[in-house]
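Peer 1: A single structure is presented below for examination.
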Amino acid sequence: PMELDLRGKRAILTGPAKGMGAAITRAFASEGTHLALLARDTDAVAELAAEVRCMGVEARVVACDVTDPGMVRAAVADVARAWDGQIDILVNCAGITRDGTLKKMPEENWKAVMATNLDSAFNVTRHVINGMLERGWGRIINIASVNGQRGQFGQANYSASKAGVQVYSLVMVKGPAPPVLTPLLDHRTPFTIAEPDEDIEVQTGGDGSWSSLVVAAERVKPHHPVHLIERPLIVK
């Protein structure tokens with residue numbers, strides 16, 4: 001793993017209210033990263049923001065429904081103005097489940113999961129990616145799931161959304177400026193969220209185009225500390 005120096009970096013996080021999102025927020029704060037927390041319910045993240053401010057970092061709480069492109073555009077613009085355009089890291093962690101068998105799944109449950117888990121990543125990324133490219137450094141962390149690879153009964157919507165996140169991220173790696181921009185996932189990334197002392201299995205794709213860090217990030221519980229690991233991503 002590389003030595004991380006995130007002091008003074010500035011990160012936007014979606015889905016920070018609980019679970020993995022809250023754990024990731026604490027992990028970045030412990031590394032000295034300033035944070036902008038995008039949340040539909042700002043009251044739900046107020047206590048977390050106060051907590052990480054005690055670590056000596058800025059924590060801005062921004063009201064935003066990340067499934068709404070207009071709200072996202074305005075929220076990111078507000079953060080960019082406050083930070084003089086410096087947005088170094090984006091963590092797309094917003095996610096929900098609306099489980100049910102495929103034959104009984106209401107259309108609204110399919111759309112809600114797709115909008116929150118997949119569309120939101122596009123909604124936010126498109127407003128930060130150009131600034132990262134212009135500054136020559138950026139990290140975009142997309143939270144995927146093993147169910148996006150193998151599928152899960154009763155989670156057709158969730159599994160499809162996470163499969164979409166994986167492919168979306170791999171396409172980004174083939175974009176204009178890797179490794180300046182490094183799209184990342186929880187278990188197929190050079191920059192992963194892991195529990196302390198967790199064994200991480202490193203795999204390489206047959207064509208050498210990606211490295212896989214298999215880590216069960218879903219096991220992260222509220223208030224469970226996590227640490228950040230960065231590894232180089234090989235892109236041919």
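Residue numbering restarts at 1 in every chain; chains get A, B, ... in the order shown in the structure tokens, and ligands count up from 1 in that same order.
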Per residue of segment 99-175 of chain A within 12 Å of segment 5-11 of chain A, note the shortest atom pair and the distance in Å to one decimal, counting only C-alpha atoms, and order the rows by chain and increasing residue number, as CSV.
Peer 2:
residue,atom,partner,partner_atom,distance
A:Val128,CA,A:Ala11,CA,10.4
A:Met132,CA,A:Arg10,CA,11.4
A:Trp137,CA,A:Lys9,CA,10.7
A:Gly138,CA,A:Ala11,CA,9.9
A:Arg139,CA,A:Ala11,CA,9.1
A:Ile140,CA,A:Ala11,CA,9.5
A:Ile141,CA,A:Ala11,CA,10.5
Peer 1: Include all heavy atoms and write out the residues we just selected as a short mmCIF file (atom, residue, chain, number, x, y, z; two decimals), in the first residue's frame.
Peer 2:
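Result file is again-v9.cif:
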data_model
loop_
_atom_site.label_atom_id
_atom_site.label_comp_id
_atom_site.auth_asym_id
_atom_site.auth_seq_id
_atom_site.Cartn_x
_atom_site.Cartn_y
_atom_site.Cartn_z
N VAL A 128 -17.59 17.30 -11.32
CA VAL A 128 -16.28 17.44 -10.67
C VAL A 128 -15.13 16.97 -11.56
O VAL A 128 -13.98 17.32 -11.32
CB VAL A 128 -16.23 16.67 -9.33
CG1 VAL A 128 -17.34 17.12 -8.40
CG2 VAL A 128 -16.29 15.17 -9.53
N MET A 132 -10.86 18.14 -11.84
CA MET A 132 -9.78 17.21 -11.49
C MET A 132 -8.79 17.09 -12.64
O MET A 132 -7.57 17.08 -12.43
CB MET A 132 -10.37 15.83 -11.15
CG MET A 132 -11.17 15.79 -9.86
SD MET A 132 -11.86 14.14 -9.58
CE MET A 132 -12.63 14.37 -7.97
N TRP A 137 -4.99 15.99 -10.85
CA TRP A 137 -5.08 14.99 -9.77
C TRP A 137 -6.54 14.85 -9.36
O TRP A 137 -7.26 15.84 -9.23
CB TRP A 137 -4.28 15.43 -8.55
CG TRP A 137 -4.01 14.31 -7.57
CD1 TRP A 137 -2.90 13.50 -7.55
CD2 TRP A 137 -4.84 13.88 -6.48
NE1 TRP A 137 -3.00 12.59 -6.52
CE2 TRP A 137 -4.18 12.80 -5.85
CE3 TRP A 137 -6.08 14.29 -5.98
CZ2 TRP A 137 -4.70 12.13 -4.74
CZ3 TRP A 137 -6.61 13.62 -4.88
CH2 TRP A 137 -5.92 12.56 -4.26
N GLY A 138 -6.96 13.61 -9.16
CA GLY A 138 -8.32 13.38 -8.70
C GLY A 138 -8.53 11.93 -8.34
O GLY A 138 -7.85 11.04 -8.85
N ARG A 139 -9.44 11.70 -7.41
CA ARG A 139 -9.83 10.35 -7.03
C ARG A 139 -11.35 10.29 -6.95
O ARG A 139 -11.97 11.11 -6.27
CB ARG A 139 -9.22 9.97 -5.67
CG ARG A 139 -7.70 9.87 -5.66
CD ARG A 139 -7.23 8.71 -6.53
NE ARG A 139 -5.79 8.52 -6.47
CZ ARG A 139 -4.91 9.11 -7.28
NH1 ARG A 139 -5.33 9.98 -8.18
NH2 ARG A 139 -3.63 8.85 -7.17
N ILE A 140 -11.92 9.32 -7.65
CA ILE A 140 -13.36 9.13 -7.62
C ILE A 140 -13.61 7.71 -7.12
O ILE A 140 -13.17 6.73 -7.74
CB ILE A 140 -13.98 9.33 -9.01
CG1 ILE A 140 -13.76 10.77 -9.48
CG2 ILE A 140 -15.49 9.01 -8.97
CD1 ILE A 140 -14.24 11.05 -10.88
N ILE A 141 -14.27 7.60 -6.00
CA ILE A 141 -14.51 6.31 -5.36
C ILE A 141 -15.98 5.96 -5.53
O ILE A 141 -16.86 6.66 -5.01
CB ILE A 141 -14.14 6.34 -3.87
CG1 ILE A 141 -12.68 6.78 -3.70
CG2 ILE A 141 -14.37 4.98 -3.23
CD1 ILE A 141 -12.27 6.98 -2.27
#
Peer 1: Restricting the calculation to only C-alpha atoms, which member of A:Ala94, A:Val124, A:Val52, A:Ala23 is positioned closest to Val72 of chain A?
Peer 2: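 Closest to Val72 of chain A of all the choices is A:Val124.
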Peer 1: Extract, using only C-alpha atoms, all DNA, RNA and protein residues at most 10 Å from segment 77-84 of chain A, discarding same-chain residues fewer than 5 positions from it, and format them as a ChimeraX atom specification.
Peer 2: /A:10-12,34-38,60-62,71-72,127-128,131
Peer 1: Kindly save the residues from that selection, with N, CA and C atoms included, as a PDB file, in the first residue's frame.
Peer 2:
ATOM      1  N   ARG A  10      -9.680  17.996  -0.387  1.00  0.00           N
ATOM      2  CA  ARG A  10     -11.087  18.343  -0.206  1.00  0.00           C
ATOM      3  C   ARG A  10     -11.946  17.306  -0.935  1.00  0.00           C
ATOM      4  N   ALA A  11     -12.900  16.750  -0.196  1.00  0.00           N
ATOM      5  CA  ALA A  11     -13.675  15.633  -0.719  1.00  0.00           C
ATOM      6  C   ALA A  11     -15.167  15.880  -0.584  1.00  0.00           C
ATOM      7  N   ILE A  12     -15.901  15.468  -1.611  1.00  0.00           N
ATOM      8  CA  ILE A  12     -17.362  15.421  -1.561  1.00  0.00           C
ATOM      9  C   ILE A  12     -17.773  13.972  -1.330  1.00  0.00           C
ATOM     10  N   HIS A  34     -10.717  17.719   4.258  1.00  0.00           N
ATOM     11  CA  HIS A  34     -11.909  18.548   4.447  1.00  0.00           C
ATOM     12  C   HIS A  34     -13.063  17.942   3.658  1.00  0.00           C
ATOM     13  N   LEU A  35     -14.272  18.070   4.191  1.00  0.00           N
ATOM     14  CA  LEU A  35     -15.392  17.299   3.667  1.00  0.00           C
ATOM     15  C   LEU A  35     -16.600  18.161   3.343  1.00  0.00           C
ATOM     16  N   ALA A  36     -17.282  17.787   2.267  1.00  0.00           N
ATOM     17  CA  ALA A  36     -18.606  18.318   1.968  1.00  0.00           C
ATOM     18  C   ALA A  36     -19.546  17.119   1.906  1.00  0.00           C
ATOM     19  N   LEU A  37     -20.510  17.084   2.791  1.00  0.00           N
ATOM     20  CA  LEU A  37     -21.404  15.937   2.926  1.00  0.00           C
ATOM     21  C   LEU A  37     -22.735  16.261   2.260  1.00  0.00           C
ATOM     22  N   LEU A  38     -23.025  15.600   1.149  1.00  0.00           N
ATOM     23  CA  LEU A  38     -24.276  15.814   0.436  1.00  0.00           C
ATOM     24  C   LEU A  38     -25.315  14.840   0.970  1.00  0.00           C
ATOM     25  N   ARG A  60     -18.706  20.537   5.706  1.00  0.00           N
ATOM     26  CA  ARG A  60     -19.854  21.277   5.206  1.00  0.00           C
ATOM     27  C   ARG A  60     -21.000  20.301   4.970  1.00  0.00           C
ATOM     28  N   VAL A  61     -22.172  20.644   5.469  1.00  0.00           N
ATOM     29  CA  VAL A  61     -23.357  19.822   5.237  1.00  0.00           C
ATOM     30  C   VAL A  61     -24.206  20.520   4.179  1.00  0.00           C
ATOM     31  N   VAL A  62     -24.445  19.818   3.079  1.00  0.00           N
ATOM     32  CA  VAL A  62     -25.120  20.417   1.930  1.00  0.00           C
ATOM     33  C   VAL A  62     -26.395  19.627   1.647  1.00  0.00           C
ATOM     34  N   MET A  71     -30.504  19.715  -8.503  1.00  0.00           N
ATOM     35  CA  MET A  71     -30.024  19.926  -7.140  1.00  0.00           C
ATOM     36  C   MET A  71     -28.539  19.613  -7.036  1.00  0.00           C
ATOM     37  N   VAL A  72     -28.103  18.569  -7.727  1.00  0.00           N
ATOM     38  CA  VAL A  72     -26.684  18.204  -7.693  1.00  0.00           C
ATOM     39  C   VAL A  72     -25.838  19.309  -8.318  1.00  0.00           C
ATOM     40  N   HIS A 127     -19.912  16.832 -12.684  1.00  0.00           N
ATOM     41  CA  HIS A 127     -19.659  18.214 -12.280  1.00  0.00           C
ATOM     42  C   HIS A 127     -18.316  18.394 -11.551  1.00  0.00           C
ATOM     43  N   VAL A 128     -17.589  17.302 -11.321  1.00  0.00           N
ATOM     44  CA  VAL A 128     -16.278  17.441 -10.672  1.00  0.00           C
ATOM     45  C   VAL A 128     -15.131  16.968 -11.558  1.00  0.00           C
ATOM     46  N   GLY A 131     -12.678  19.622 -13.386  1.00  0.00           N
ATOM     47  CA  GLY A 131     -11.768  20.304 -12.480  1.00  0.00           C
ATOM     48  C   GLY A 131     -10.601  19.426 -12.072  1.00  0.00           C
TER      49      GLY A 131
END
Peer 1: Find the residue from A:Gly95, A:Gly21, A:Gly56, A:Gly100 that sits nearest to Gln152 of chain A; use only C-alpha atoms when measuring.
Peer 2: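 For Gln152 of chain A, the nearest of the candidates is A:Gly100.
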Peer 1: Would you give me, as a list of chain:residue names, the residues in segment 81-111 of chain A that DSSP reads as strand (DSSP E or B)?
Peer 2: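 Those in segment 81-111 of chain A that DSSP calls strand (DSSP E or B) are A:Ile89, A:Leu90, A:Val91, A:Asn92, A:Gly100.
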